[in-house]
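A.B. asks: There's a structure below that I have some questions on.
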Number of protein chains: 4
Amino acid sequence: MKALRKARPEQGAQLESVSVPAFGPTDALIRVRAASICGTDLHIYHWDKWSASRIHPPMTFGHEFCGTVEKVGGEVGGLRPGDFVSAEMHVNCGHCRACRAGQPHLCRLVKIIGIDADGCFAEFVRIPARNVWKIDPAIPEHYAAILDPLGNAVHTVLAGEIAGQTVAVTGCGPIGLMSIAVARACGCSTIFATEVNAHRRELAKKMGADEVFDPRAGDPVACVLEATNSDGVDVLLEMSGNPAGIRQGFQMLRQGGRASLLGIPSEPVTLDLVSDVIFKGAVVQGIYGRKMFETWEQMTSLLKTGRLNLEPLFNERLPLDRFAEAFALLESGQASKILFFPDGSPK
Amino acid sequence: MKALRKARPEQGAQLESVSVPAFGPTDALIRVRAASICGTDLHIYHWDKWSASRIHPPMTFGHEFCGTVEKVGGEVGGLRPGDFVSAEMHVNCGHCRACRAGQPHLCRLVKIIGIDADGCFAEFVRIPARNVWKIDPAIPEHYAAILDPLGNAVHTVLAGEIAGQTVAVTGCGPIGLMSIAVARACGCSTIFATEVNAHRRELAKKMGADEVFDPRAGDPVACVLEATNSDGVDVLLEMSGNPAGIRQGFQMLRQGGRASLLGIPSEPVTLDLVSDVIFKGAVVQGIYGRKMFETWEQMTSLLKTGRLNLEPLFNERLPLDRFAEAFALLESGQASKILFFPDGSPK
Amino acid sequence: MKALRKARPEQGAQLESVSVPAFGPTDALIRVRAASICGTDLHIYHWDKWSASRIHPPMTFGHEFCGTVEKVGGEVGGLRPGDFVSAEMHVNCGHCRACRAGQPHLCRLVKIIGIDADGCFAEFVRIPARNVWKIDPAIPEHYAAILDPLGNAVHTVLAGEIAGQTVAVTGCGPIGLMSIAVARACGCSTIFATEVNAHRRELAKKMGADEVFDPRAGDPVACVLEATNSDGVDVLLEMSGNPAGIRQGFQMLRQGGRASLLGIPSEPVTLDLVSDVIFKGAVVQGIYGRKMFETWEQMTSLLKTGRLNLEPLFNERLPLDRFAEAFALLESGQASKILFFPDGSPK
Amino acid sequence: MKALRKARPEQGAQLESVSVPAFGPTDALIRVRAASICGTDLHIYHWDKWSASRIHPPMTFGHEFCGTVEKVGGEVGGLRPGDFVSAEMHVNCGHCRACRAGQPHLCRLVKIIGIDADGCFAEFVRIPARNVWKIDPAIPEHYAAILDPLGNAVHTVLAGEIAGQTVAVTGCGPIGLMSIAVARACGCSTIFATEVNAHRRELAKKMGADEVFDPRAGDPVACVLEATNSDGVDVLLEMSGNPAGIRQGFQMLRQGGRASLLGIPSEPVTLDLVSDVIFKGAVVQGIYGRKMFETWEQMTSLLKTGRLNLEPLFNERLPLDRFAEAFALLESGQASKILFFPDGSPK
């Protein structure tokens, strides 16, 4: 089959012909219909410091996709060839404290398909059957291809109360943008967003943000405080991973508010813990992955009843061999979600 | 009446004779029986940077006490002269977002009696009646004098699940020590504590810690990980306010664990947010004051049924005029709770 | 002033001229702009068994309203003459266990204005200042008059997770209908509703229900199970108070679901506790009043950002002297919310 | 191997010689060390109406045990021959809404080993490997044999706040008695218990109840209200399954309290929903099984740190062939937990 591979520990990727993955008695083999590119894939493509420490070439990357079940192992129940599916790519150990505490998404021995094992930028991908998620027929194919990052957004927004809450979203990359739509669909009050990229600020408006600030022009903290009777917002959804953005987010947060952190800073962050967390009585949540499978269920419900319009996020749809074009587009900051179609071009 | 006053913006304090406080229709006037010295009082005494920015001399300080109701204003119900009481010294505004959200302890306009208004190092103190707390007769007088800091400990420990949870307490000042006793009484599993002061490490053992480490000798993080199957503890109770202690605490915390921060760092703190919060899926809680009045109720229940032995914490009991001796003793690090008796010496 | 009074312990009401209420130092006197009739008022009007046991004539009834502050007592801060307001009519004691546990809406000594004290079917009403709620200027007057029952709906819907949850609403009286709109605004999945009155079934559709059943025709439980893959709904909002409706609601509920009960049965109810609660692992919540003041805050946020369309609920707007007509209309089951304008007719 | 079997659909049981269970690639075969008799086993033994509808003879019953891993299937990781284990006997489907919602203990298609499949009153039992629980070496063997019912108690007590809460336990069978010990260990305030059997009332005292009432003598509701300032208790742990006991429990509960129902009534129960649930703002929880595996973890922590003294609960330790004696003893109401040792008599 065709697969987009990181063949060697260096920048770039190769489209190669490799064997269809073997699969065991508790696995499913999935024929990939559409795969989406994550910011993480861009890091792997460019072979940054993190990639060099985590990825072991040769391997196939990609971890956002939808497809159909091709075959299942002998011990697998509840899945049949032809089922339209996606998958939770975080495979938990089942034995550590978090797994035993009902938090498999926080397993400390997690293996991620597409990072620690061959992923979905290929015609076929092997997935443990318990990680496969059947997709409701009311959900369109291109939405089904981005359930992984949408799940990050849903997980973040619904990690606490959202109905009737004022919200700040710091950082409007794809997951930040999705969070705006999710918060809006779930009855939040005013949404304030910050983003340095003008194209993304426009998208933020389209997704439902009430006020969007460029954090480098003016003082978004002062604006948010003024708009909230000096109280600050009830909920911070931190999507930038930028230390200054994180600090601004905390300053926007009201006493007793919730800060849900998903953005990944590339260095340690210095915080004014006294003002911004302790005396503020803030609840700060690290958000990772998707709850298994509460998040998948919530996301399905929101999508199948048409609560979310994610169309503004979609850009090019390409065959796998135009990968260089895809990565360049994402790199430019003018695209949000690009889809690969490993078996040729989209319908 | 006699009152211990910060008369001028400088180091030290004066015992003065001042008028008994006037009180309004919704206030109570309390005759102080015993008052306890907080670390904050030590800061005020020494007139540190924080004190200089917050305290407006001349004023009477002190905010931990018990006493009896002397008189009540005309609009006050539910309180009578002679009632044995303590008080929540944080007076909330009632109008800000946190107050309206059922979190009066996080009021952003809070005024603290003993800091922003005349406190309890005096024969009498005025308290808004709604902040007065009647004390169960089963609770001994010296315990009644330290409900304010004990409430901090109870608030911190009970801010999440504790039964069956492994716990790390970083910092064993008075509130850290109380937290150990509270966690133990509430069914926690193993308690690990860290503390640089040898005297306090001994007290930590007496209060119920299973293992106590000097963070400057050996590697407490490695010890805790080894003792917990590499998982880390379920709950971090951060009581040190020390940046290195905070970082160690986070490193001891398991994936998906709870970190409740009460200790107050005197400077910004640099955290490895990715490893210690975000990918860890940690829940970090800023803890401030006492929930009004859930914490008071919980504390009363624990005390009146004899669940807490706090005796090891008590040191000297002194008349108000021996204040210099009291502050020196606390300064030495060899005392935890010292009580003043404004109407003379204790029985 | 004019007031609609229950003058004697018997059926009916009288429009009388009475003194403007006296008010104390912690009270506000409110000039009523619009008042809405509750089902409870209909019970009082008809002098049913419950009314005869609870109401002490002569008294002015009515407890849903908006108006402007006329005067405030000497101890009142944060309110000024002219402020546009409504009020939480449940006045809590402040001393019982629920009050101390942060649940003033569950005070066991609660006094309700309009039931236990003179209410708002009058030109003026006296309210303790701490129970007065200032209304956001973005909220229309007729919506402001029904915050009391809307608060019941918001309290019920938001008593647990709602985003992405399937919902059954049993009983589509005014509060049931409002609950449909609130659940929809807060991102719920499919809403199933049951109601015997055809007019209300139509309204339920208008408010956002996906499927509406007449529980006396066909088998709504079977329909809901079929529509939910035999699982049942995630959330039951019980608004009927009808024993058969309550049992049907429980049968529609999934394993581990939430049942929030607001409807008030007039007799004891026989439940299959084993199947419907215990083995089901259900969480059953009794819902009473509005959380003080979280619910008011949530409701304000939803209204001021235009998340709720409640227009289908409004019927006649009448001067106070046409009260007989108003009660007859409500009695007919063809009206949801009728507004009184004590100072004459509406603009 | 020897196994205690329900051979035919009738009263009684037979000790038979049967084949050691076959096991699949994801199963473990366990050599039973000690098994404990549950009230459910007594129902099966007597072949009551419930048993006749649920149990399909011939089958081996028994579902409380500890033992050692004998062999594991080829797909099993994390378990080795010789491991000392117990097991969660509720085997969930993994596909229904509750399973997907992170509540596998509420699976609507659950199969229970010892009820729906051959159980542990035998020398060997087959268990799916994911349901096996490794036992901490600090936990004594006889405690390890009763983790199933102890888990019910822990699940019930820890289903909400318990530290500092007053508690009523209605019904002091084995799980009620264990609940008393667990609540006590977890920092609850006063425990009130009701029980008709005098022997069990004595045990309730030994386990830590503060006041124990015979509900048929005097008025336990009045006593509890008097002892709680007319407020009622914070938490009801309903362990009787008796309709009158359930009603009394609700009457003892404070406004806003928690009622956790584990006892299984044999008929529908008539409740005063208005007074006891709705206006009370009660939270009522159906409790079933044990959370997988949070409850197991909590239980392990409490046991391994010696927080629970369960010795008063243990009675006879018998070889499997003395089963008739065992069931007769339990029947008498003078025994709580009797242990079988299938491989002969206990050490």
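The way I read the labels, and the way they are meant: chains A, B, ... in the order of the structure tokens, residue 1 as the first residue of every chain, and ligand 1 as the first ligand shown, with later ones counted on from there.
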Based on the backbone DSSP call, show me all residues of region 120-250 of chain D assigned strand (DSSP E or B), as a PDB file with N, CA, C and O atoms, in the first residue's frame.
C.D. replies:
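The file below, states_18.pdb, is the result:
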ATOM      1  N   ALA D 122     -15.894 -23.066  44.021  1.00  0.00           N
ATOM      2  CA  ALA D 122     -15.265 -24.152  43.272  1.00  0.00           C
ATOM      3  C   ALA D 122     -13.754 -24.023  43.441  1.00  0.00           C
ATOM      4  O   ALA D 122     -13.263 -22.998  43.933  1.00  0.00           O
ATOM      5  N   PHE D 124     -11.632 -23.824  41.009  1.00  0.00           N
ATOM      6  CA  PHE D 124     -11.121 -22.879  40.010  1.00  0.00           C
ATOM      7  C   PHE D 124     -12.268 -22.063  39.432  1.00  0.00           C
ATOM      8  O   PHE D 124     -13.401 -22.544  39.348  1.00  0.00           O
ATOM      9  N   VAL D 125     -11.939 -20.847  38.997  1.00  0.00           N
ATOM     10  CA  VAL D 125     -12.940 -20.008  38.337  1.00  0.00           C
ATOM     11  C   VAL D 125     -12.260 -19.281  37.178  1.00  0.00           C
ATOM     12  O   VAL D 125     -11.090 -18.878  37.294  1.00  0.00           O
ATOM     13  N   ARG D 126     -12.993 -19.160  36.065  1.00  0.00           N
ATOM     14  CA  ARG D 126     -12.461 -18.436  34.905  1.00  0.00           C
ATOM     15  C   ARG D 126     -12.950 -16.985  34.951  1.00  0.00           C
ATOM     16  O   ARG D 126     -14.132 -16.719  35.155  1.00  0.00           O
ATOM     17  N   ILE D 127     -12.030 -16.057  34.742  1.00  0.00           N
ATOM     18  CA  ILE D 127     -12.358 -14.626  34.811  1.00  0.00           C
ATOM     19  C   ILE D 127     -11.695 -13.927  33.613  1.00  0.00           C
ATOM     20  O   ILE D 127     -10.522 -14.197  33.328  1.00  0.00           O
ATOM     21  N   PRO D 128     -12.405 -13.049  32.912  1.00  0.00           N
ATOM     22  CA  PRO D 128     -11.718 -12.245  31.886  1.00  0.00           C
ATOM     23  C   PRO D 128     -10.581 -11.474  32.549  1.00  0.00           C
ATOM     24  O   PRO D 128     -10.784 -10.860  33.621  1.00  0.00           O
ATOM     25  N   VAL D 132      -9.732  -9.034  36.547  1.00  0.00           N
ATOM     26  CA  VAL D 132      -8.946  -9.531  37.686  1.00  0.00           C
ATOM     27  C   VAL D 132      -8.273  -8.367  38.394  1.00  0.00           C
ATOM     28  O   VAL D 132      -7.796  -7.427  37.746  1.00  0.00           O
ATOM     29  N   TRP D 133      -8.222  -8.398  39.726  1.00  0.00           N
ATOM     30  CA  TRP D 133      -7.626  -7.330  40.521  1.00  0.00           C
ATOM     31  C   TRP D 133      -6.529  -7.910  41.401  1.00  0.00           C
ATOM     32  O   TRP D 133      -6.788  -8.781  42.228  1.00  0.00           O
ATOM     33  N   LYS D 134      -5.304  -7.417  41.194  1.00  0.00           N
ATOM     34  CA  LYS D 134      -4.191  -7.896  42.026  1.00  0.00           C
ATOM     35  C   LYS D 134      -4.287  -7.301  43.428  1.00  0.00           C
ATOM     36  O   LYS D 134      -4.550  -6.106  43.582  1.00  0.00           O
ATOM     37  N   VAL D 167     -24.289  11.118  59.375  1.00  0.00           N
ATOM     38  CA  VAL D 167     -24.693   9.986  58.535  1.00  0.00           C
ATOM     39  C   VAL D 167     -25.783   9.169  59.217  1.00  0.00           C
ATOM     40  O   VAL D 167     -25.714   8.935  60.428  1.00  0.00           O
ATOM     41  N   ALA D 168     -26.781   8.735  58.443  1.00  0.00           N
ATOM     42  CA  ALA D 168     -27.709   7.704  58.905  1.00  0.00           C
ATOM     43  C   ALA D 168     -27.505   6.469  58.039  1.00  0.00           C
ATOM     44  O   ALA D 168     -27.496   6.573  56.815  1.00  0.00           O
ATOM     45  N   VAL D 169     -27.333   5.315  58.695  1.00  0.00           N
ATOM     46  CA  VAL D 169     -27.254   4.042  57.989  1.00  0.00           C
ATOM     47  C   VAL D 169     -28.523   3.271  58.345  1.00  0.00           C
ATOM     48  O   VAL D 169     -28.718   2.914  59.509  1.00  0.00           O
ATOM     49  N   THR D 170     -29.392   3.045  57.376  1.00  0.00           N
ATOM     50  CA  THR D 170     -30.618   2.298  57.659  1.00  0.00           C
ATOM     51  C   THR D 170     -30.429   0.860  57.180  1.00  0.00           C
ATOM     52  O   THR D 170     -30.360   0.601  55.985  1.00  0.00           O
ATOM     53  N   ILE D 191     -22.593   9.085  63.424  1.00  0.00           N
ATOM     54  CA  ILE D 191     -23.289   8.037  62.659  1.00  0.00           C
ATOM     55  C   ILE D 191     -24.482   7.524  63.461  1.00  0.00           C
ATOM     56  O   ILE D 191     -24.317   7.033  64.583  1.00  0.00           O
ATOM     57  N   PHE D 192     -25.664   7.625  62.875  1.00  0.00           N
ATOM     58  CA  PHE D 192     -26.876   7.032  63.434  1.00  0.00           C
ATOM     59  C   PHE D 192     -27.188   5.784  62.606  1.00  0.00           C
ATOM     60  O   PHE D 192     -27.127   5.835  61.368  1.00  0.00           O
ATOM     61  N   ALA D 193     -27.539   4.684  63.257  1.00  0.00           N
ATOM     62  CA  ALA D 193     -27.879   3.473  62.512  1.00  0.00           C
ATOM     63  C   ALA D 193     -29.202   2.913  62.999  1.00  0.00           C
ATOM     64  O   ALA D 193     -29.559   3.079  64.170  1.00  0.00           O
ATOM     65  N   THR D 194     -29.939   2.280  62.094  1.00  0.00           N
ATOM     66  CA  THR D 194     -31.166   1.578  62.485  1.00  0.00           C
ATOM     67  C   THR D 194     -31.067   0.134  62.026  1.00  0.00           C
ATOM     68  O   THR D 194     -30.520  -0.161  60.961  1.00  0.00           O
ATOM     69  N   GLU D 211     -24.971   6.093  67.520  1.00  0.00           N
ATOM     70  CA  GLU D 211     -26.276   5.764  68.106  1.00  0.00           C
ATOM     71  C   GLU D 211     -26.952   4.750  67.206  1.00  0.00           C
ATOM     72  O   GLU D 211     -26.980   4.916  65.990  1.00  0.00           O
ATOM     73  N   VAL D 212     -27.501   3.698  67.829  1.00  0.00           N
ATOM     74  CA  VAL D 212     -28.138   2.631  67.055  1.00  0.00           C
ATOM     75  C   VAL D 212     -29.560   2.450  67.562  1.00  0.00           C
ATOM     76  O   VAL D 212     -29.783   2.331  68.768  1.00  0.00           O
ATOM     77  N   PHE D 213     -30.521   2.462  66.629  1.00  0.00           N
ATOM     78  CA  PHE D 213     -31.929   2.373  67.003  1.00  0.00           C
ATOM     79  C   PHE D 213     -32.562   1.103  66.452  1.00  0.00           C
ATOM     80  O   PHE D 213     -32.249   0.676  65.336  1.00  0.00           O
ATOM     81  N   VAL D 233     -29.808  14.549  58.982  1.00  0.00           N
ATOM     82  CA  VAL D 233     -28.425  14.166  58.644  1.00  0.00           C
ATOM     83  C   VAL D 233     -28.055  14.634  57.243  1.00  0.00           C
ATOM     84  O   VAL D 233     -28.909  14.835  56.390  1.00  0.00           O
ATOM     85  N   ASP D 234     -26.759  14.750  57.041  1.00  0.00           N
ATOM     86  CA  ASP D 234     -26.239  15.165  55.737  1.00  0.00           C
ATOM     87  C   ASP D 234     -26.335  14.037  54.711  1.00  0.00           C
ATOM     88  O   ASP D 234     -26.520  14.298  53.523  1.00  0.00           O
ATOM     89  N   VAL D 235     -26.163  12.810  55.178  1.00  0.00           N
ATOM     90  CA  VAL D 235     -26.041  11.672  54.257  1.00  0.00           C
ATOM     91  C   VAL D 235     -26.870  10.494  54.767  1.00  0.00           C
ATOM     92  O   VAL D 235     -26.763  10.121  55.937  1.00  0.00           O
ATOM     93  N   LEU D 236     -27.664   9.928  53.884  1.00  0.00           N
ATOM     94  CA  LEU D 236     -28.372   8.674  54.171  1.00  0.00           C
ATOM     95  C   LEU D 236     -27.723   7.563  53.362  1.00  0.00           C
ATOM     96  O   LEU D 236     -27.619   7.669  52.128  1.00  0.00           O
ATOM     97  N   LEU D 237     -27.311   6.501  54.068  1.00  0.00           N
ATOM     98  CA  LEU D 237     -26.827   5.298  53.385  1.00  0.00           C
ATOM     99  C   LEU D 237     -27.901   4.241  53.595  1.00  0.00           C
ATOM    100  O   LEU D 237     -28.033   3.692  54.695  1.00  0.00           O
ATOM    101  N   GLU D 238     -28.700   3.973  52.568  1.00  0.00           N
ATOM    102  CA  GLU D 238     -29.854   3.089  52.707  1.00  0.00           C
ATOM    103  C   GLU D 238     -29.432   1.662  52.378  1.00  0.00           C
ATOM    104  O   GLU D 238     -29.105   1.355  51.235  1.00  0.00           O
TER     105      GLU D 238
END
A.B. asks: Considering only C-alpha atoms, give me a table of residues in chain C that are at most 9 Å from chain B, with the closest atom pair and distance in Å for each, as CSV.
C.D. replies:
residue,atom,partner,partner_atom,distance
C:Pro25,CA,B:Glu75,CA,8.3
C:Thr26,CA,B:Glu75,CA,8.5
C:Glu75,CA,B:Pro25,CA,8.4
C:Gly78,CA,B:His95,CA,7.5
C:Gly94,CA,B:Arg130,CA,8.3
C:His95,CA,B:Gly78,CA,7.4
C:Arg97,CA,B:Glu297,CA,8.6
C:Cys99,CA,B:Phe293,CA,8.4
C:Arg100,CA,B:Phe293,CA,5.2
C:Ala101,CA,B:Glu294,CA,4.8
C:Gly102,CA,B:Glu294,CA,6.4
C:Gln103,CA,B:Gly102,CA,8.9
C:Arg130,CA,B:Gly94,CA,8.4
C:Lys291,CA,B:Gly102,CA,8.6
C:Met292,CA,B:Gly102,CA,7.2
C:Phe293,CA,B:Arg100,CA,5.2
C:Glu294,CA,B:Ala101,CA,4.8
C:Thr295,CA,B:Ala101,CA,8.5
C:Trp296,CA,B:Arg100,CA,8.5
C:Glu297,CA,B:Arg100,CA,7.1
A.B. asks: Dump C-alpha atoms for the selected residues as a JSON list (two decimals), in the first residue's frame?
C.D. replies:
[["chain", "number", "residue", "atom", "x", "y", "z"],
["C", 25, "PRO", "CA", -33.34, 49.48, 57.14],
["C", 26, "THR", "CA", -32.28, 46.42, 55.11],
["C", 75, "GLU", "CA", -28.45, 49.97, 55.66],
["C", 78, "GLY", "CA", -25.68, 48.58, 45.89],
["C", 94, "GLY", "CA", -29.21, 32.09, 57.17],
["C", 95, "HIS", "CA", -28.79, 29.80, 60.16],
["C", 97, "ARG", "CA", -27.72, 23.50, 58.00],
["C", 99, "CYS", "CA", -27.92, 27.83, 54.64],
["C", 100, "ARG", "CA", -24.57, 27.08, 56.26],
["C", 101, "ALA", "CA", -23.84, 24.47, 53.58],
["C", 102, "GLY", "CA", -24.00, 27.05, 50.79],
["C", 103, "GLN", "CA", -27.52, 25.98, 49.78],
["C", 130, "ARG", "CA", -30.23, 41.10, 49.53],
["C", 291, "LYS", "CA", -29.75, 28.76, 43.31],
["C", 292, "MET", "CA", -28.91, 32.05, 45.00],
["C", 293, "PHE", "CA", -27.63, 33.53, 42.90],
["C", 294, "GLU", "CA", -25.89, 31.23, 40.45],
["C", 295, "THR", "CA", -29.15, 30.52, 38.67],
["C", 296, "TRP", "CA", -29.92, 34.22, 38.34],
["C", 297, "GLU", "CA", -26.52, 34.79, 36.84]]
A.B. asks: What lies within 9 Å of Phe340 (chain B) using only C-alpha atoms, ignoring chain neighbours under 5 positions off, as an MDAnalysis selection string?
C.D. replies: chainID B and resid 33:37 65 121 316:323 326 345:346
A.B. asks: Just asking: which residues within region 35-274 of chain C are helix (DSSP H, G or I) according to DSSP, as a PyMOL selection string?
C.D. replies: chain C and resi 39-46+49-54+97-100+104-106+129-131+141-144+147-157+174-185+198-207+220-227+243-252+273-274
A.B. asks: Using only C-alpha atoms, which protein or nucleic acid residues come within 7 Å of Lys111 (chain B)? Drop anything in the same chain fewer than 6 positions from it, and give the result as a ChimeraX atom specification.
C.D. replies: /B:90-92
A.B. asks: Take the residues just selected and output them with all heavy atoms as an mmCIF file, in the first residue's frame.
C.D. replies:
data_model
loop_
_atom_site.group_PDB
_atom_site.id
_atom_site.type_symbol
_atom_site.label_atom_id
_atom_site.label_comp_id
_atom_site.auth_asym_id
_atom_site.auth_seq_id
_atom_site.Cartn_x
_atom_site.Cartn_y
_atom_site.Cartn_z
ATOM 1 N N HIS B 90 -12.886 37.342 56.696
ATOM 2 C CA HIS B 90 -12.987 37.855 55.324
ATOM 3 C C HIS B 90 -14.417 38.339 55.115
ATOM 4 O O HIS B 90 -15.357 37.552 55.147
ATOM 5 C CB HIS B 90 -12.653 36.761 54.310
ATOM 6 C CG HIS B 90 -11.199 36.378 54.275
ATOM 7 N ND1 HIS B 90 -10.585 35.877 53.161
ATOM 8 C CD2 HIS B 90 -10.233 36.442 55.229
ATOM 9 C CE1 HIS B 90 -9.307 35.640 53.417
ATOM 10 N NE2 HIS B 90 -9.073 35.962 54.677
ATOM 11 N N VAL B 91 -14.571 39.643 54.910
ATOM 12 C CA VAL B 91 -15.904 40.235 54.750
ATOM 13 C C VAL B 91 -16.109 40.506 53.259
ATOM 14 O O VAL B 91 -15.410 41.322 52.661
ATOM 15 C CB VAL B 91 -16.032 41.534 55.568
ATOM 16 C CG1 VAL B 91 -17.435 42.119 55.417
ATOM 17 C CG2 VAL B 91 -15.719 41.244 57.039
ATOM 18 N N ASN B 92 -17.049 39.784 52.668
ATOM 19 C CA ASN B 92 -17.242 39.868 51.215
ATOM 20 C C ASN B 92 -18.225 40.971 50.840
ATOM 21 O O ASN B 92 -19.045 41.399 51.659
ATOM 22 C CB ASN B 92 -17.701 38.526 50.658
ATOM 23 C CG ASN B 92 -19.084 38.143 51.133
ATOM 24 O OD1 ASN B 92 -19.317 38.082 52.342
ATOM 25 N ND2 ASN B 92 -19.999 37.895 50.212
#
A.B. asks: In terms of the shortest atom-to-atom distance over only C-alpha atoms, which of D:Leu330, D:Leu42, D:Ala217, D:Leu273 is closest to Ala198 (chain D)?
C.D. replies: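 Counting only C-alpha atoms, the residue closest to Ala198 (chain D) is D:Ala217.
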A.B. asks: Contacts of region 260-266 of chain D at 7 Å or less, counting only C-alpha atoms, minus same-chain residues fewer than 4 places along, as a VMD selection string?
C.D. replies: (chain C and resid 274 278) or (chain D and resid 156 236 to 243 284 to 288)
A.B. asks: Restricting it to C-alpha atoms, dump the selection as a PDB file, in the first residue's frame.
C.D. replies:
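part_18.pdb written:
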ATOM      1  CA  VAL C 274     -34.815  -1.345  41.983  1.00  0.00           C
ATOM      2  CA  ILE C 278     -30.844   1.422  42.222  1.00  0.00           C
TER       3      ILE C 278
ATOM      4  CA  THR D 156     -21.904   3.875  48.583  1.00  0.00           C
ATOM      5  CA  LEU D 236     -28.372   8.674  54.171  1.00  0.00           C
ATOM      6  CA  LEU D 237     -26.827   5.298  53.385  1.00  0.00           C
ATOM      7  CA  GLU D 238     -29.854   3.089  52.707  1.00  0.00           C
ATOM      8  CA  MET D 239     -28.914  -0.534  53.285  1.00  0.00           C
ATOM      9  CA  SER D 240     -32.180  -2.147  54.346  1.00  0.00           C
ATOM     10  CA  GLY D 241     -34.199  -2.413  51.141  1.00  0.00           C
ATOM     11  CA  ASN D 242     -37.183  -2.178  53.459  1.00  0.00           C
ATOM     12  CA  PRO D 243     -39.873   0.271  52.298  1.00  0.00           C
ATOM     13  CA  VAL D 284     -30.701  10.461  45.500  1.00  0.00           C
ATOM     14  CA  GLN D 285     -28.199   8.017  44.081  1.00  0.00           C
ATOM     15  CA  GLY D 286     -28.856   4.475  43.008  1.00  0.00           C
ATOM     16  CA  ILE D 287     -25.747   2.468  43.892  1.00  0.00           C
ATOM     17  CA  TYR D 288     -24.894  -0.717  42.059  1.00  0.00           C
TER      18      TYR D 288
END
A.B. asks: Would you pick out the contacts of Gly333 (chain A) at 8 Å or less, using only C-alpha atoms, so that residues sharing its chain but fewer than 4 positions from it are not included, and give the list as a PyMOL selection string?
C.D. replies: chain A and resi 197+199+329
A.B. asks: If I take CA of Thr166 (chain A) and CA of Ser301 (chain C), how far is one from the other in Å, to one decimal?
C.D. replies: 8.1 Å
A.B. asks: So that I can see what lies close to Cys38 (chain D), please list as a ChimeraX atom specification the residues with an atom at most 10 Å from it, counting only C-alpha atoms and leaving out residues fewer than 2 positions away in the same chain.
C.D. replies: /D:35-36,40-44,62-64,146,148-149,174-175,327,330,336-338
A.B. asks: What is the distance, in Å and to one decimal place, between CA of Lys71 (chain D) and CA of Val20 (chain D)?
C.D. replies: 11.7 Å
A.B. asks: What is the distance, in Å and to one decimal place, between CA of Ala145 (chain D) and CA of His56 (chain D)?
C.D. replies: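 Between CA of Ala145 (chain D) and CA of His56 (chain D) the gap is 25.1 Å.
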